[in-house]
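What follows is a set of notes on a single structure, which appears directly below.
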Amino acid sequence: MSTPTVKRSLMTHLDPFSQASNTYRSLRNMIEHSPNGKDRKVILVTSAEPLEGKTTTAVNLSIAYAHENRKVLLIDGNAYRPSLHQSFSTTNDTGLSNILFQSFSLEEAVKDVGIRNLSVLTSGPFLSSSSNPLEADLIAMFLQKARVEYDVVIIDSPALLALTDTSILAVNSDGILLVVHSVISRREKALQAKRILDQLGAPIIGCVLNGTKSSSRHSYSHYSVSRPV
């Protein structure tokens, strides 16, 4: 991964006083002060379609929580197109798939990425022998354990309209952040994603709008947060 991409992915760690980093802290605070915010231990970050900024949002929100001295687990929930290992320049030899299907413990599979209070669980190798990489019962049991071990669990999920795996993750989460890109997102697809989440009974915390213009030439992107309608 190129250096500029790494910097953008980890901006809250590498440039904690930037405008974008401050917005992630504001996002963290918004979640904390939302209804039942203190009880939201598992937060799913998703979008309607790919390439809307889910991973960058999940990574930087996780760092913002870690900087608040919260013990954080960041999970790559995309078995088909994993990317967290690239964001942190680490390997994907072990991860979530190993825990779900090979009896690896959480402690054995997580990676120390050099950021205090933050542990990263990559997707792990794709196991073609499984008809569904994310089986509902296994995910539910795993996340129950993660709730005990960590203060906050953040899941970087596939796009909601692309894979059914996201629905499995959504119903086992305490809150959903729906990422919308100001340029590439299609309104009808975003509304379709919201309808699906409503039908699942998944609690939507709010929407994260990214890709808007920033007034600071030192910022990589500008992120704003709004409540879902």
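We name chains A, B, ... following the order of the structure tokens; residues begin at 1 in each chain, and ligands are numbered from 1 as shown.
Residues in contact with Arg25 in chain A at up to 6 Å, not including ones fewer than 3 positions away on its chain and judged by only C-alpha atoms, are Asn22, Arg28 and Ala64 of chain A.
Taking only range 26-129 of chain A, the residues that DSSP calls strand (DSSP E) from the backbone come to A:Val42, A:Ile43, A:Leu44, A:Val45, A:Thr46, A:Ser47, A:Val72, A:Leu73, A:Leu74, A:Ile75, A:Asp76, A:Lys111, A:Asp112, A:Leu118, A:Ser119, A:Val120, A:Leu121.
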Residues from last step as file, N, CA and C atoms, as an mmCIF file, in the first residue's frame:
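What landed in part-v7.cif:
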```cif
data_model
loop_
_atom_site.group_PDB
_atom_site.id
_atom_site.type_symbol
_atom_site.label_atom_id
_atom_site.label_comp_id
_atom_site.auth_asym_id
_atom_site.auth_seq_id
_atom_site.Cartn_x
_atom_site.Cartn_y
_atom_site.Cartn_z
ATOM 1 N N VAL A 42 -20.659 -3.106 20.516
ATOM 2 C CA VAL A 42 -20.313 -3.611 19.182
ATOM 3 C C VAL A 42 -20.929 -2.680 18.140
ATOM 4 N N ILE A 43 -20.067 -2.003 17.383
ATOM 5 C CA ILE A 43 -20.502 -1.016 16.396
ATOM 6 C C ILE A 43 -20.106 -1.505 15.006
ATOM 7 N N LEU A 44 -21.072 -1.593 14.124
ATOM 8 C CA LEU A 44 -20.829 -2.021 12.750
ATOM 9 C C LEU A 44 -20.746 -0.796 11.850
ATOM 10 N N VAL A 45 -19.688 -0.747 11.036
ATOM 11 C CA VAL A 45 -19.533 0.333 10.061
ATOM 12 C C VAL A 45 -19.776 -0.261 8.681
ATOM 13 N N THR A 46 -20.806 0.226 7.996
ATOM 14 C CA THR A 46 -21.138 -0.320 6.682
ATOM 15 C C THR A 46 -21.565 0.794 5.748
ATOM 16 N N SER A 47 -21.873 0.423 4.515
ATOM 17 C CA SER A 47 -22.380 1.359 3.517
ATOM 18 C C SER A 47 -23.250 0.572 2.553
ATOM 19 N N VAL A 72 -9.946 -1.486 22.692
ATOM 20 C CA VAL A 72 -10.698 -1.561 21.448
ATOM 21 C C VAL A 72 -10.261 -2.761 20.619
ATOM 22 N N LEU A 73 -11.249 -3.452 20.048
ATOM 23 C CA LEU A 73 -10.993 -4.502 19.062
ATOM 24 C C LEU A 73 -11.592 -4.056 17.735
ATOM 25 N N LEU A 74 -10.755 -3.971 16.713
ATOM 26 C CA LEU A 74 -11.198 -3.631 15.359
ATOM 27 C C LEU A 74 -11.169 -4.893 14.513
ATOM 28 N N ILE A 75 -12.297 -5.230 13.897
ATOM 29 C CA ILE A 75 -12.452 -6.498 13.176
ATOM 30 C C ILE A 75 -12.678 -6.247 11.693
ATOM 31 N N ASP A 76 -11.985 -7.000 10.863
ATOM 32 C CA ASP A 76 -12.265 -7.008 9.430
ATOM 33 C C ASP A 76 -13.316 -8.082 9.165
ATOM 34 N N LYS A 111 -3.905 -9.018 16.441
ATOM 35 C CA LYS A 111 -2.590 -8.465 16.125
ATOM 36 C C LYS A 111 -2.374 -7.156 16.870
ATOM 37 N N ASP A 112 -1.166 -6.996 17.387
ATOM 38 C CA ASP A 112 -0.732 -5.736 17.989
ATOM 39 C C ASP A 112 -0.187 -4.866 16.865
ATOM 40 N N LEU A 118 -5.322 -0.616 21.168
ATOM 41 C CA LEU A 118 -6.001 -1.093 19.957
ATOM 42 C C LEU A 118 -5.473 -2.457 19.523
ATOM 43 N N SER A 119 -6.374 -3.418 19.394
ATOM 44 C CA SER A 119 -6.062 -4.727 18.821
ATOM 45 C C SER A 119 -6.826 -4.871 17.517
ATOM 46 N N VAL A 120 -6.192 -5.498 16.525
ATOM 47 C CA VAL A 120 -6.814 -5.665 15.217
ATOM 48 C C VAL A 120 -6.979 -7.153 14.925
ATOM 49 N N LEU A 121 -8.175 -7.521 14.512
ATOM 50 C CA LEU A 121 -8.448 -8.886 14.081
ATOM 51 C C LEU A 121 -8.736 -8.837 12.588
#
```
(request) Taking the chain letters and numbering used in this document, name the residues of range 27-74 of chain A that DSSP puts in helix (DSSP H, G or I), as a ChimeraX atom specification. (result) /A:27-32,37-39,54-66
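Across A:Leu134, A:Val152, A:Leu27, A:Leu178, the tightest approach to Asn117 in chain A is made by A:Val152 when counting only C-alpha atoms.
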